[in-house]
Amino acid sequence: MDKLSDILTRHGRWLAIVAILSVILPALWLPKARIDNTIEVWIGRHSKEYSQYLDFLSRFGNEEFVVIARETDDPLGEEALNLQRSLCKKLRQIENVETVLAPSDLADVLSRLQPNWKVFLEQSEFPNNLFFSKNHNTFGIIVWLKKIDTPALRRKTVEEIESVVRENSPTMEKFHLAGTPLMNVALDRGSQQASRTFLPIALLVSVVILAVVLRNLSGVIAVICSVAVTTLWTLGLLVAFGKTLNMVTVILPSLLFVLSLSGGIHIASRFLLICSSKQDRTAAMRKTLNEVSLPIFLSSLTTAVGFGSLMISDMQPVVDFGIFAAIGIALSLLVNLLVVPGLLLLLPFRISNVRSSSTHWTGWISVRMVEKKKIVLGISGILLILCISWTTQARVESNVLKFFPETSRISRDYKFVGENLTGLYTVEIEFVTPTQNVGQMFKDMEQMSHQLYNESQVAKIIHAGSIASFIKSIHRPAFLSPSRTRANPLRTLMGRYQIRKQQQTNLRMSVFIRAMSSNQFYDLIERIHVLLAQNLDDQTKYTVTGVVPLLNAAQQSLINTQIKSFSLALAVVLLLIGLFMKSLRALAAAIMPNILPIFALFGIMVLADIPIDAATVMIASVAIGIAADDTIHFLSHFRIHRLSGEQIVPAIRTTFSEIGPAVTLTSVVATSGFLILYMSQFKPVRYFGLLAAITMVTAWLGDVLVLPACAAILNLWKPHPKEDCANE
């Protein structure tokens, strides 16, 4: 520490300038940043479910579709049909649109084949809850897209579809658009807006709070410059490694900005306090770095471990977030040591502006807790048991639609389409059966369809048999004639549901699901498997895939990630504390004040009905790293004073006089920064910000109220036996 402090003090000025100028390089990379929220991003790429889904798509084609719905007095009236024809014509001209089907397509064909075509369509089961509602006050146009490989191309295609609709209704209030491509684009737009909004606000809030508490312009500039360099370099590396921003990683800049403040605040706060005793600035900086370098290193290491534990997740956005958050925290350690000391030595400030204090109010509170240490630990234990019991009731949410507020346009449109037309999530069942058995399979699929319609969340079922039955009911062989392909909209649809081969045939059944909670997905999938086992013979093989099973797999991944990452982070963080403090008692003392805030967080999630989802799944691992920071600073300073011969109470009082201002300031700044995320339109990001802010508060309470009591109970770094410790 002496050598490092000497080097950073002697060369700090030019090292700070070099570090600040280095941001030119990542600034050149940032314009290449991309945003990608496609549903595949959130699915475990190595899972069996994802492999099955890819195999399914390779046979039956891309399954991205958009539903355009509109209320009307008569979906089959001439005015409504003309509107549909106009829309379909323009939609088919869009480059990445593969197929468009609407009631007008069926009407144009059937009007030439059936005298009473309108009555026929209204009474047919197949088009109901698909092309128009059962009460015949809404029509729907289904737009299938070609395979789209890039988010930018998907966004362009969706914008072209929206433009076609807007031509007929400028405000789009009469139309309701829904489908996975629209959801992906909505997530992209929200992520883009968040990336432009959160960081400037976090910067403003941080500057204001730093200015109020530090009361020193040079200190504020030094800390903010350090954080800015860290954030720019981390984002630049993320882009340079070809990673994309999404709903989770978009919060990375604000998160790093908030967490990177801690090290700089500890350096600036301690330096200004030492300077208040009229010490030489160079000597004051050398002493500051001697005191805080090791605690800052260890706190950065434990925070990075918390983030790094997320790398075990199956969700790529969570993995990317964990990797680059850990990189960012490691960079913040380096940059804080390079930039903050150098700028504090380089920039002018008046010593008289710095207020010295021999005590801090946190020390007074902690001493009171030590006096009642048994009561404090008893209450803490009871709270921990209660919170652990509540944790078992936490619910998991993997339904992406639930990420949006109920008042958002996409939520309202999904609700309208789900209630009036069809569902937008699907369970896809693929059957492989001998070709001579196809007729029997049509009957079996029809029977299973009737049984599944008893499930309240099943909106529509389409299968090869239902399409064939509808075609047969028209009683016109000419309808199937290849010469009439262009006039036959069902031939294209049939190709999506039946693949005939010489020896075997692949058949498909699509179960369209209305919006539902993730827990209901499990029950539905289980019900489908039971029906399949009951209705199929040994000759037929089947595979259940589709978006709903993928969401199920994602939900299980969320649970596994939460358990594994938290367990790993907790074990490593506590082990590091024990190793660096060279004390098993220090490790034991750190357990209660660090796990109580985490389980209190889960208890709050249960009481507030906040689910574990793509963003909140990270909170436990992040929280353990955050909570450990103040613990490390307390133990480091407390150890020095105890080894110098101080008794517990004076050592605690002195420790908080040194770290109390910085610990409190970092908690206030971080809490304020995290609360900015609550402005997000995405529920997971809002919840993450709220929960992270609560973590900062509970972690501060744990270190001010519980940690001193634990240190006293365990008599950490007990003085020489001859010293009288009875008064403790």
# chains A, B, ... in the order shown; residues from 1 in each chain; ligands from 1
>>> residues_around(residues="stretch 120-137 of chain A", least_positions_apart="4", cutoff="9 Å", atoms="only C-alpha atoms", output="ChimeraX atom specification")
/A:69-76,101-103,106-107,110,114,116,141-142,419-423,459-462,466-467,469-470,474
>>> write_last_selection(atoms="N, CA and C atoms", output="compact mmCIF listing (two decimals), in the first residue's frame")
# COMPACT_ATOMS: atom_id res chain seq x y z
N ALA A 69 -56.40 -5.78 -36.06
CA ALA A 69 -57.82 -5.94 -35.73
C ALA A 69 -58.51 -4.59 -35.73
N ARG A 70 -59.80 -4.63 -36.08
CA ARG A 70 -60.60 -3.39 -36.03
C ARG A 70 -62.06 -3.73 -35.77
N GLU A 71 -62.67 -2.93 -34.94
CA GLU A 71 -64.10 -3.08 -34.68
C GLU A 71 -64.89 -2.51 -35.86
N THR A 72 -65.99 -3.16 -36.17
CA THR A 72 -66.86 -2.70 -37.26
C THR A 72 -68.24 -3.33 -37.08
N ASP A 73 -69.24 -2.69 -37.63
CA ASP A 73 -70.61 -3.21 -37.48
C ASP A 73 -70.78 -4.55 -38.17
N ASP A 74 -70.12 -4.71 -39.32
CA ASP A 74 -70.26 -5.94 -40.10
C ASP A 74 -68.93 -6.25 -40.78
N PRO A 75 -68.15 -7.20 -40.24
CA PRO A 75 -66.85 -7.51 -40.83
C PRO A 75 -66.94 -7.99 -42.28
N LEU A 76 -68.11 -8.53 -42.67
CA LEU A 76 -68.28 -9.05 -44.03
C LEU A 76 -69.12 -8.12 -44.89
N LEU A 101 -53.55 -12.78 -44.88
CA LEU A 101 -54.87 -13.41 -44.97
C LEU A 101 -55.88 -12.55 -44.22
N ALA A 102 -57.04 -12.38 -44.83
CA ALA A 102 -58.10 -11.55 -44.24
C ALA A 102 -59.45 -12.15 -44.62
N PRO A 103 -60.53 -11.75 -43.94
CA PRO A 103 -61.87 -12.22 -44.33
C PRO A 103 -62.19 -11.92 -45.79
N LEU A 106 -61.22 -14.79 -48.09
CA LEU A 106 -62.19 -15.88 -48.09
C LEU A 106 -63.46 -15.47 -48.83
N ALA A 107 -63.89 -14.23 -48.62
CA ALA A 107 -65.11 -13.75 -49.26
C ALA A 107 -64.96 -13.73 -50.78
N LEU A 110 -65.13 -17.50 -51.92
CA LEU A 110 -66.41 -18.16 -51.65
C LEU A 110 -67.58 -17.52 -52.38
N GLN A 114 -70.06 -20.26 -53.53
CA GLN A 114 -71.20 -20.50 -52.65
C GLN A 114 -72.21 -19.36 -52.80
N ASN A 116 -74.69 -18.58 -50.84
CA ASN A 116 -74.90 -17.95 -49.53
C ASN A 116 -73.58 -17.91 -48.76
N ILE A 141 -56.85 -9.20 -39.64
CA ILE A 141 -55.98 -9.50 -40.77
C ILE A 141 -54.69 -10.08 -40.20
N ILE A 142 -54.29 -11.26 -40.68
CA ILE A 142 -53.07 -11.90 -40.20
C ILE A 142 -51.95 -11.70 -41.22
N GLU A 419 -59.30 -10.70 -26.38
CA GLU A 419 -60.71 -10.80 -25.98
C GLU A 419 -61.64 -10.91 -27.17
N ASN A 420 -61.25 -10.35 -28.32
CA ASN A 420 -62.17 -10.30 -29.46
C ASN A 420 -61.81 -11.23 -30.61
N LEU A 421 -60.54 -11.58 -30.73
CA LEU A 421 -60.17 -12.43 -31.87
C LEU A 421 -59.48 -13.71 -31.42
N THR A 422 -58.21 -13.62 -31.15
CA THR A 422 -57.45 -14.84 -30.88
C THR A 422 -56.31 -14.55 -29.93
N GLY A 423 -55.65 -15.60 -29.49
CA GLY A 423 -54.47 -15.44 -28.66
C GLY A 423 -53.25 -15.19 -29.51
N ALA A 459 -57.81 -19.61 -26.84
CA ALA A 459 -58.64 -18.74 -27.68
C ALA A 459 -59.00 -19.40 -29.01
N LYS A 460 -58.07 -20.13 -29.60
CA LYS A 460 -58.30 -20.70 -30.93
C LYS A 460 -57.34 -21.85 -31.14
N ILE A 461 -57.82 -22.88 -31.85
CA ILE A 461 -56.97 -24.01 -32.22
C ILE A 461 -57.08 -24.22 -33.72
N ILE A 462 -55.95 -24.23 -34.37
CA ILE A 462 -55.89 -24.52 -35.82
C ILE A 462 -55.03 -25.76 -36.00
N SER A 466 -58.59 -29.30 -39.23
CA SER A 466 -59.62 -28.26 -39.24
C SER A 466 -59.61 -27.50 -40.56
N ILE A 467 -58.41 -27.29 -41.11
CA ILE A 467 -58.31 -26.61 -42.41
C ILE A 467 -58.90 -27.51 -43.50
N SER A 469 -61.08 -29.88 -43.14
CA SER A 469 -62.53 -29.98 -42.94
C SER A 469 -63.25 -28.77 -43.50
N PHE A 470 -62.67 -27.59 -43.30
CA PHE A 470 -63.29 -26.37 -43.81
C PHE A 470 -63.31 -26.37 -45.33
N ILE A 474 -66.86 -26.84 -48.30
CA ILE A 474 -67.25 -25.97 -49.41
C ILE A 474 -67.85 -26.78 -50.56
>>> residues_around(residues="stretch 52-59 of chain A", least_positions_apart="3", cutoff="12 Å", atoms="only C-alpha atoms", output="VMD selection string")
chain A and resid 40 43 to 49 62 to 64 146 to 147 426 to 432 495 to 500 505 to 509 542 to 551 553
>>> write_last_selection(atoms="C-alpha atoms", output="compact mmCIF listing (two decimals), in the first residue's frame")
# COMPACT_ATOMS: atom_id res chain seq x y z
CA GLU A 40 -35.05 -15.62 -28.82
CA ILE A 43 -34.42 -18.08 -24.25
CA GLY A 44 -31.65 -20.47 -23.28
CA ARG A 45 -29.92 -21.11 -26.61
CA HIS A 46 -28.53 -24.43 -25.40
CA SER A 47 -31.78 -25.78 -24.02
CA LYS A 48 -33.59 -28.80 -25.47
CA GLU A 49 -36.75 -26.68 -25.89
CA ASN A 62 -41.12 -18.63 -39.76
CA GLU A 63 -43.79 -18.02 -37.13
CA GLU A 64 -43.56 -14.27 -36.73
CA LYS A 146 -40.48 -13.73 -43.77
CA LYS A 147 -37.52 -14.80 -41.65
CA THR A 426 -48.93 -20.50 -29.19
CA VAL A 427 -48.31 -24.04 -28.12
CA GLU A 428 -47.26 -25.89 -31.27
CA ILE A 429 -47.75 -29.65 -31.45
CA GLU A 430 -46.06 -31.51 -34.29
CA PHE A 431 -47.26 -35.03 -35.11
CA VAL A 432 -45.27 -37.51 -37.20
CA GLY A 495 -48.85 -25.74 -46.44
CA ARG A 496 -48.01 -24.43 -42.99
CA TYR A 497 -49.86 -27.29 -41.30
CA GLN A 498 -49.18 -30.41 -43.35
CA ILE A 499 -46.01 -31.77 -44.95
CA ARG A 500 -46.70 -34.95 -46.91
CA THR A 505 -46.63 -37.07 -42.86
CA ASN A 506 -45.85 -34.20 -40.49
CA LEU A 507 -49.00 -32.57 -39.12
CA ARG A 508 -49.29 -29.52 -36.94
CA MET A 509 -51.68 -28.21 -34.33
CA TYR A 542 -45.30 -35.94 -31.22
CA THR A 543 -43.31 -32.93 -30.05
CA VAL A 544 -44.69 -30.03 -28.01
CA THR A 545 -42.94 -26.73 -28.79
CA GLY A 546 -43.79 -23.11 -29.52
CA VAL A 547 -43.50 -19.86 -27.61
CA VAL A 548 -45.36 -21.05 -24.49
CA PRO A 549 -43.03 -24.02 -23.79
CA LEU A 550 -40.10 -21.70 -24.41
CA LEU A 551 -41.48 -19.28 -21.83
CA ALA A 553 -38.18 -23.06 -19.99
>>> closest_atom_pairs(of="stretch 559-636 of chain A", to="stretch 284-304 of chain A", cutoff="10 Å", atoms="only C-alpha atoms", output="CSV")
residue,atom,partner,partner_atom,distance
A:Ala569,CA,A:Thr302,CA,8.2
A:Leu570,CA,A:Thr302,CA,9.3
A:Val572,CA,A:Thr302,CA,7.9
A:Val573,CA,A:Thr302,CA,5.3
A:Leu574,CA,A:Thr302,CA,8.6
A:Leu575,CA,A:Thr302,CA,9.8
A:Leu576,CA,A:Thr302,CA,7.4
A:Ile577,CA,A:Leu298,CA,7.9
A:Phe580,CA,A:Leu298,CA,7.8
A:Ser621,CA,A:Thr303,CA,8.8
A:Val622,CA,A:Thr303,CA,7.1
A:Ala623,CA,A:Thr303,CA,8.5
A:Ile624,CA,A:Thr303,CA,7.5
A:Gly625,CA,A:Thr303,CA,3.7
A:Ile626,CA,A:Thr303,CA,5.9
A:Ala627,CA,A:Thr303,CA,8.6
A:Ala628,CA,A:Ser299,CA,6.7
A:Asp629,CA,A:Ser299,CA,4.6
A:Asp630,CA,A:Ser299,CA,7.8
A:Thr631,CA,A:Ser299,CA,8.6
A:Ile632,CA,A:Pro295,CA,6.0
A:His633,CA,A:Pro295,CA,5.5
A:Phe634,CA,A:Pro295,CA,8.9
A:Leu635,CA,A:Pro295,CA,8.8
A:Ser636,CA,A:Pro295,CA,6.4
>>> write_last_selection(atoms="N, CA and C atoms", output="PDB file, in the first residue's frame")
ATOM      1  N   ALA A 569     -22.559 -16.203  -5.187  1.00  0.00           N
ATOM      2  CA  ALA A 569     -22.101 -14.864  -4.797  1.00  0.00           C
ATOM      3  C   ALA A 569     -21.943 -14.760  -3.288  1.00  0.00           C
ATOM      4  N   LEU A 570     -22.917 -15.270  -2.536  1.00  0.00           N
ATOM      5  CA  LEU A 570     -22.862 -15.188  -1.078  1.00  0.00           C
ATOM      6  C   LEU A 570     -21.641 -15.927  -0.535  1.00  0.00           C
ATOM      7  N   VAL A 572     -18.794 -16.781  -2.058  1.00  0.00           N
ATOM      8  CA  VAL A 572     -17.516 -16.179  -2.453  1.00  0.00           C
ATOM      9  C   VAL A 572     -17.281 -14.865  -1.717  1.00  0.00           C
ATOM     10  N   VAL A 573     -18.324 -14.035  -1.610  1.00  0.00           N
ATOM     11  CA  VAL A 573     -18.174 -12.729  -0.946  1.00  0.00           C
ATOM     12  C   VAL A 573     -17.787 -12.908   0.517  1.00  0.00           C
ATOM     13  N   LEU A 574     -18.470 -13.786   1.223  1.00  0.00           N
ATOM     14  CA  LEU A 574     -18.145 -14.002   2.631  1.00  0.00           C
ATOM     15  C   LEU A 574     -16.748 -14.602   2.794  1.00  0.00           C
ATOM     16  N   LEU A 575     -16.390 -15.516   1.883  1.00  0.00           N
ATOM     17  CA  LEU A 575     -15.052 -16.108   1.939  1.00  0.00           C
ATOM     18  C   LEU A 575     -13.975 -15.043   1.727  1.00  0.00           C
ATOM     19  N   LEU A 576     -14.210 -14.131   0.786  1.00  0.00           N
ATOM     20  CA  LEU A 576     -13.244 -13.059   0.529  1.00  0.00           C
ATOM     21  C   LEU A 576     -13.082 -12.151   1.744  1.00  0.00           C
ATOM     22  N   ILE A 577     -14.212 -11.858   2.397  1.00  0.00           N
ATOM     23  CA  ILE A 577     -14.139 -11.022   3.601  1.00  0.00           C
ATOM     24  C   ILE A 577     -13.286 -11.714   4.670  1.00  0.00           C
ATOM     25  N   PHE A 580      -9.440 -11.683   3.470  1.00  0.00           N
ATOM     26  CA  PHE A 580      -8.762 -10.395   3.492  1.00  0.00           C
ATOM     27  C   PHE A 580      -8.656  -9.828   4.905  1.00  0.00           C
ATOM     28  N   SER A 621     -27.980 -11.324  -6.429  1.00  0.00           N
ATOM     29  CA  SER A 621     -26.532 -11.354  -6.645  1.00  0.00           C
ATOM     30  C   SER A 621     -25.949  -9.951  -6.624  1.00  0.00           C
ATOM     31  N   VAL A 622     -26.674  -9.003  -7.211  1.00  0.00           N
ATOM     32  CA  VAL A 622     -26.226  -7.615  -7.190  1.00  0.00           C
ATOM     33  C   VAL A 622     -26.239  -7.091  -5.757  1.00  0.00           C
ATOM     34  N   ALA A 623     -27.300  -7.424  -5.025  1.00  0.00           N
ATOM     35  CA  ALA A 623     -27.477  -6.903  -3.671  1.00  0.00           C
ATOM     36  C   ALA A 623     -26.379  -7.384  -2.727  1.00  0.00           C
ATOM     37  N   ILE A 624     -25.969  -8.649  -2.861  1.00  0.00           N
ATOM     38  CA  ILE A 624     -24.948  -9.152  -1.945  1.00  0.00           C
ATOM     39  C   ILE A 624     -23.626  -8.421  -2.163  1.00  0.00           C
ATOM     40  N   GLY A 625     -23.330  -8.090  -3.421  1.00  0.00           N
ATOM     41  CA  GLY A 625     -22.125  -7.314  -3.702  1.00  0.00           C
ATOM     42  C   GLY A 625     -22.211  -5.905  -3.155  1.00  0.00           C
ATOM     43  N   ILE A 626     -23.402  -5.285  -3.304  1.00  0.00           N
ATOM     44  CA  ILE A 626     -23.612  -3.932  -2.802  1.00  0.00           C
ATOM     45  C   ILE A 626     -23.552  -3.910  -1.280  1.00  0.00           C
ATOM     46  N   ALA A 627     -24.255  -4.853  -0.661  1.00  0.00           N
ATOM     47  CA  ALA A 627     -24.336  -4.880   0.802  1.00  0.00           C
ATOM     48  C   ALA A 627     -22.967  -5.082   1.437  1.00  0.00           C
ATOM     49  N   ALA A 628     -22.085  -5.808   0.766  1.00  0.00           N
ATOM     50  CA  ALA A 628     -20.773  -6.110   1.340  1.00  0.00           C
ATOM     51  C   ALA A 628     -19.846  -4.899   1.364  1.00  0.00           C
ATOM     52  N   ASP A 629     -20.107  -3.887   0.512  1.00  0.00           N
ATOM     53  CA  ASP A 629     -19.192  -2.745   0.408  1.00  0.00           C
ATOM     54  C   ASP A 629     -18.980  -2.049   1.748  1.00  0.00           C
ATOM     55  N   ASP A 630     -20.077  -1.637   2.364  1.00  0.00           N
ATOM     56  CA  ASP A 630     -19.968  -0.906   3.625  1.00  0.00           C
ATOM     57  C   ASP A 630     -19.440  -1.802   4.737  1.00  0.00           C
ATOM     58  N   THR A 631     -19.787  -3.085   4.672  1.00  0.00           N
ATOM     59  CA  THR A 631     -19.254  -4.039   5.652  1.00  0.00           C
ATOM     60  C   THR A 631     -17.726  -4.053   5.608  1.00  0.00           C
ATOM     61  N   ILE A 632     -17.192  -4.071   4.405  1.00  0.00           N
ATOM     62  CA  ILE A 632     -15.734  -4.128   4.241  1.00  0.00           C
ATOM     63  C   ILE A 632     -15.073  -2.865   4.776  1.00  0.00           C
ATOM     64  N   HIS A 633     -15.653  -1.704   4.461  1.00  0.00           N
ATOM     65  CA  HIS A 633     -15.063  -0.447   4.944  1.00  0.00           C
ATOM     66  C   HIS A 633     -15.100  -0.385   6.471  1.00  0.00           C
ATOM     67  N   PHE A 634     -16.216  -0.860   7.057  1.00  0.00           N
ATOM     68  CA  PHE A 634     -16.293  -0.864   8.523  1.00  0.00           C
ATOM     69  C   PHE A 634     -15.239  -1.789   9.110  1.00  0.00           C
ATOM     70  N   LEU A 635     -15.172  -3.028   8.626  1.00  0.00           N
ATOM     71  CA  LEU A 635     -14.243  -4.007   9.202  1.00  0.00           C
ATOM     72  C   LEU A 635     -12.789  -3.578   9.017  1.00  0.00           C
ATOM     73  N   SER A 636     -12.474  -2.969   7.882  1.00  0.00           N
ATOM     74  CA  SER A 636     -11.086  -2.544   7.635  1.00  0.00           C
ATOM     75  C   SER A 636     -10.645  -1.493   8.653  1.00  0.00           C
TER      76      SER A 636
END
>>> closest_residue(among="A:Ile563, A:Val704, A:Ala268, A:Leu21", to="A:Leu344", atoms="only C-alpha atoms")
A:Ala268
>>> residues_around(residues="A:Val212", least_positions_apart="5", cutoff="12 Å", atoms="only C-alpha atoms", output="PyMOL selection string")
chain A and resi 205-207+217+219-220+665+668-669
>>> write_last_selection(atoms="N, CA and C atoms", output="PDB file, in the first residue's frame")
ATOM      1  N   VAL A 205     -28.622  14.115 -10.723  1.00  0.00           N
ATOM      2  CA  VAL A 205     -28.904  13.819  -9.315  1.00  0.00           C
ATOM      3  C   VAL A 205     -27.603  13.619  -8.537  1.00  0.00           C
ATOM      4  N   SER A 206     -26.667  12.895  -9.136  1.00  0.00           N
ATOM      5  CA  SER A 206     -25.397  12.626  -8.457  1.00  0.00           C
ATOM      6  C   SER A 206     -24.618  13.915  -8.204  1.00  0.00           C
ATOM      7  N   VAL A 207     -24.571  14.786  -9.191  1.00  0.00           N
ATOM      8  CA  VAL A 207     -23.844  16.055  -9.046  1.00  0.00           C
ATOM      9  C   VAL A 207     -24.448  16.892  -7.923  1.00  0.00           C
ATOM     10  N   LEU A 217     -16.141  21.817  -4.898  1.00  0.00           N
ATOM     11  CA  LEU A 217     -16.278  21.659  -6.348  1.00  0.00           C
ATOM     12  C   LEU A 217     -15.235  20.702  -6.913  1.00  0.00           C
ATOM     13  N   GLY A 219     -13.845  18.148  -5.462  1.00  0.00           N
ATOM     14  CA  GLY A 219     -14.232  16.780  -5.131  1.00  0.00           C
ATOM     15  C   GLY A 219     -15.332  16.273  -6.045  1.00  0.00           C
ATOM     16  N   VAL A 220     -16.320  17.122  -6.321  1.00  0.00           N
ATOM     17  CA  VAL A 220     -17.411  16.731  -7.211  1.00  0.00           C
ATOM     18  C   VAL A 220     -16.883  16.436  -8.607  1.00  0.00           C
ATOM     19  N   LEU A 665     -23.144   8.863   2.446  1.00  0.00           N
ATOM     20  CA  LEU A 665     -23.237   9.570   1.170  1.00  0.00           C
ATOM     21  C   LEU A 665     -23.391   8.599   0.004  1.00  0.00           C
ATOM     22  N   VAL A 668     -26.910   7.288  -0.050  1.00  0.00           N
ATOM     23  CA  VAL A 668     -27.887   8.282  -0.504  1.00  0.00           C
ATOM     24  C   VAL A 668     -27.805   8.458  -2.016  1.00  0.00           C
ATOM     25  N   VAL A 669     -26.580   8.592  -2.523  1.00  0.00           N
ATOM     26  CA  VAL A 669     -26.405   8.795  -3.970  1.00  0.00           C
ATOM     27  C   VAL A 669     -26.877   7.573  -4.749  1.00  0.00           C
TER      28      VAL A 669
END
>>> select_by_dssp(residues="stretch 466-609 of chain A", states="strand (DSSP E)", output="list in words")
Gln498, Ile499, Arg500, Gln504, Thr505, Asn506, Leu507, Arg508, Met509, Ser510, Val511, Phe512, Ile513, Lys541, Tyr542, Thr543, Val544 and Thr545 of chain A
>>> write_last_selection(atoms="N, CA and C atoms", output="PDB file, in the first residue's frame")
ATOM      1  N   GLN A 498     -49.306 -29.017 -42.918  1.00  0.00           N
ATOM      2  CA  GLN A 498     -49.179 -30.415 -43.346  1.00  0.00           C
ATOM      3  C   GLN A 498     -48.027 -30.550 -44.328  1.00  0.00           C
ATOM      4  N   ILE A 499     -47.127 -31.474 -44.042  1.00  0.00           N
ATOM      5  CA  ILE A 499     -46.014 -31.766 -44.945  1.00  0.00           C
ATOM      6  C   ILE A 499     -46.097 -33.249 -45.278  1.00  0.00           C
ATOM      7  N   ARG A 500     -46.517 -33.551 -46.488  1.00  0.00           N
ATOM      8  CA  ARG A 500     -46.700 -34.950 -46.909  1.00  0.00           C
ATOM      9  C   ARG A 500     -45.411 -35.514 -47.493  1.00  0.00           C
ATOM     10  N   GLN A 504     -44.338 -41.037 -44.469  1.00  0.00           N
ATOM     11  CA  GLN A 504     -44.891 -40.406 -43.276  1.00  0.00           C
ATOM     12  C   GLN A 504     -45.302 -38.969 -43.575  1.00  0.00           C
ATOM     13  N   THR A 505     -46.127 -38.432 -42.705  1.00  0.00           N
ATOM     14  CA  THR A 505     -46.628 -37.071 -42.861  1.00  0.00           C
ATOM     15  C   THR A 505     -46.445 -36.315 -41.543  1.00  0.00           C
ATOM     16  N   ASN A 506     -45.972 -35.078 -41.649  1.00  0.00           N
ATOM     17  CA  ASN A 506     -45.853 -34.195 -40.486  1.00  0.00           C
ATOM     18  C   ASN A 506     -47.089 -33.302 -40.426  1.00  0.00           C
ATOM     19  N   LEU A 507     -47.802 -33.366 -39.326  1.00  0.00           N
ATOM     20  CA  LEU A 507     -49.004 -32.566 -39.118  1.00  0.00           C
ATOM     21  C   LEU A 507     -48.781 -31.624 -37.943  1.00  0.00           C
ATOM     22  N   ARG A 508     -49.505 -30.556 -37.961  1.00  0.00           N
ATOM     23  CA  ARG A 508     -49.289 -29.525 -36.943  1.00  0.00           C
ATOM     24  C   ARG A 508     -50.604 -29.067 -36.335  1.00  0.00           C
ATOM     25  N   MET A 509     -50.548 -28.799 -35.040  1.00  0.00           N
ATOM     26  CA  MET A 509     -51.684 -28.208 -34.333  1.00  0.00           C
ATOM     27  C   MET A 509     -51.188 -26.978 -33.569  1.00  0.00           C
ATOM     28  N   SER A 510     -51.832 -25.826 -33.769  1.00  0.00           N
ATOM     29  CA  SER A 510     -51.478 -24.581 -33.078  1.00  0.00           C
ATOM     30  C   SER A 510     -52.561 -24.245 -32.071  1.00  0.00           C
ATOM     31  N   VAL A 511     -52.162 -24.155 -30.801  1.00  0.00           N
ATOM     32  CA  VAL A 511     -53.088 -23.771 -29.738  1.00  0.00           C
ATOM     33  C   VAL A 511     -52.768 -22.327 -29.362  1.00  0.00           C
ATOM     34  N   PHE A 512     -53.668 -21.411 -29.731  1.00  0.00           N
ATOM     35  CA  PHE A 512     -53.456 -19.988 -29.476  1.00  0.00           C
ATOM     36  C   PHE A 512     -53.940 -19.652 -28.065  1.00  0.00           C
ATOM     37  N   ILE A 513     -53.054 -18.999 -27.295  1.00  0.00           N
ATOM     38  CA  ILE A 513     -53.318 -18.733 -25.883  1.00  0.00           C
ATOM     39  C   ILE A 513     -53.501 -17.238 -25.673  1.00  0.00           C
ATOM     40  N   LYS A 541     -45.781 -40.183 -33.351  1.00  0.00           N
ATOM     41  CA  LYS A 541     -44.870 -39.497 -32.440  1.00  0.00           C
ATOM     42  C   LYS A 541     -45.238 -38.011 -32.418  1.00  0.00           C
ATOM     43  N   TYR A 542     -44.955 -37.363 -31.305  1.00  0.00           N
ATOM     44  CA  TYR A 542     -45.304 -35.945 -31.222  1.00  0.00           C
ATOM     45  C   TYR A 542     -44.228 -35.167 -30.465  1.00  0.00           C
ATOM     46  N   THR A 543     -44.202 -33.867 -30.742  1.00  0.00           N
ATOM     47  CA  THR A 543     -43.314 -32.928 -30.050  1.00  0.00           C
ATOM     48  C   THR A 543     -44.126 -31.693 -29.690  1.00  0.00           C
ATOM     49  N   VAL A 544     -44.018 -31.256 -28.455  1.00  0.00           N
ATOM     50  CA  VAL A 544     -44.690 -30.034 -28.008  1.00  0.00           C
ATOM     51  C   VAL A 544     -43.654 -28.914 -27.965  1.00  0.00           C
ATOM     52  N   THR A 545     -43.886 -27.848 -28.735  1.00  0.00           N
ATOM     53  CA  THR A 545     -42.945 -26.730 -28.795  1.00  0.00           C
ATOM     54  C   THR A 545     -43.740 -25.434 -28.915  1.00  0.00           C
TER      55      THR A 545
END
>>> residues_around(residues="A:Trp144", least_positions_apart="5", cutoff="8 Å", atoms="only C-alpha atoms", output="PyMOL selection string")
chain A and resi 63-66+97-100
>>> write_last_selection(atoms="N, CA and C atoms", output="compact mmCIF listing (two decimals), in the first residue's frame")
# COMPACT_ATOMS: atom_id res chain seq x y z
N GLU A 63 -42.52 -18.18 -37.84
CA GLU A 63 -43.79 -18.02 -37.13
C GLU A 63 -44.02 -16.61 -36.59
N GLU A 64 -43.30 -15.65 -37.13
CA GLU A 64 -43.56 -14.27 -36.73
C GLU A 64 -44.76 -13.75 -37.51
N PHE A 65 -45.77 -13.29 -36.79
CA PHE A 65 -46.94 -12.73 -37.46
C PHE A 65 -47.47 -11.54 -36.69
N VAL A 66 -48.21 -10.70 -37.41
CA VAL A 66 -48.85 -9.52 -36.84
C VAL A 66 -50.34 -9.64 -37.10
N VAL A 97 -42.92 -9.06 -45.95
CA VAL A 97 -44.19 -9.73 -45.66
C VAL A 97 -44.32 -10.93 -46.58
N GLU A 98 -44.55 -12.10 -46.00
CA GLU A 98 -44.64 -13.33 -46.79
C GLU A 98 -46.07 -13.62 -47.21
N THR A 99 -47.01 -13.58 -46.26
CA THR A 99 -48.41 -13.94 -46.54
C THR A 99 -49.33 -13.00 -45.76
N VAL A 100 -50.44 -12.64 -46.40
CA VAL A 100 -51.47 -11.84 -45.74
C VAL A 100 -52.81 -12.54 -45.95
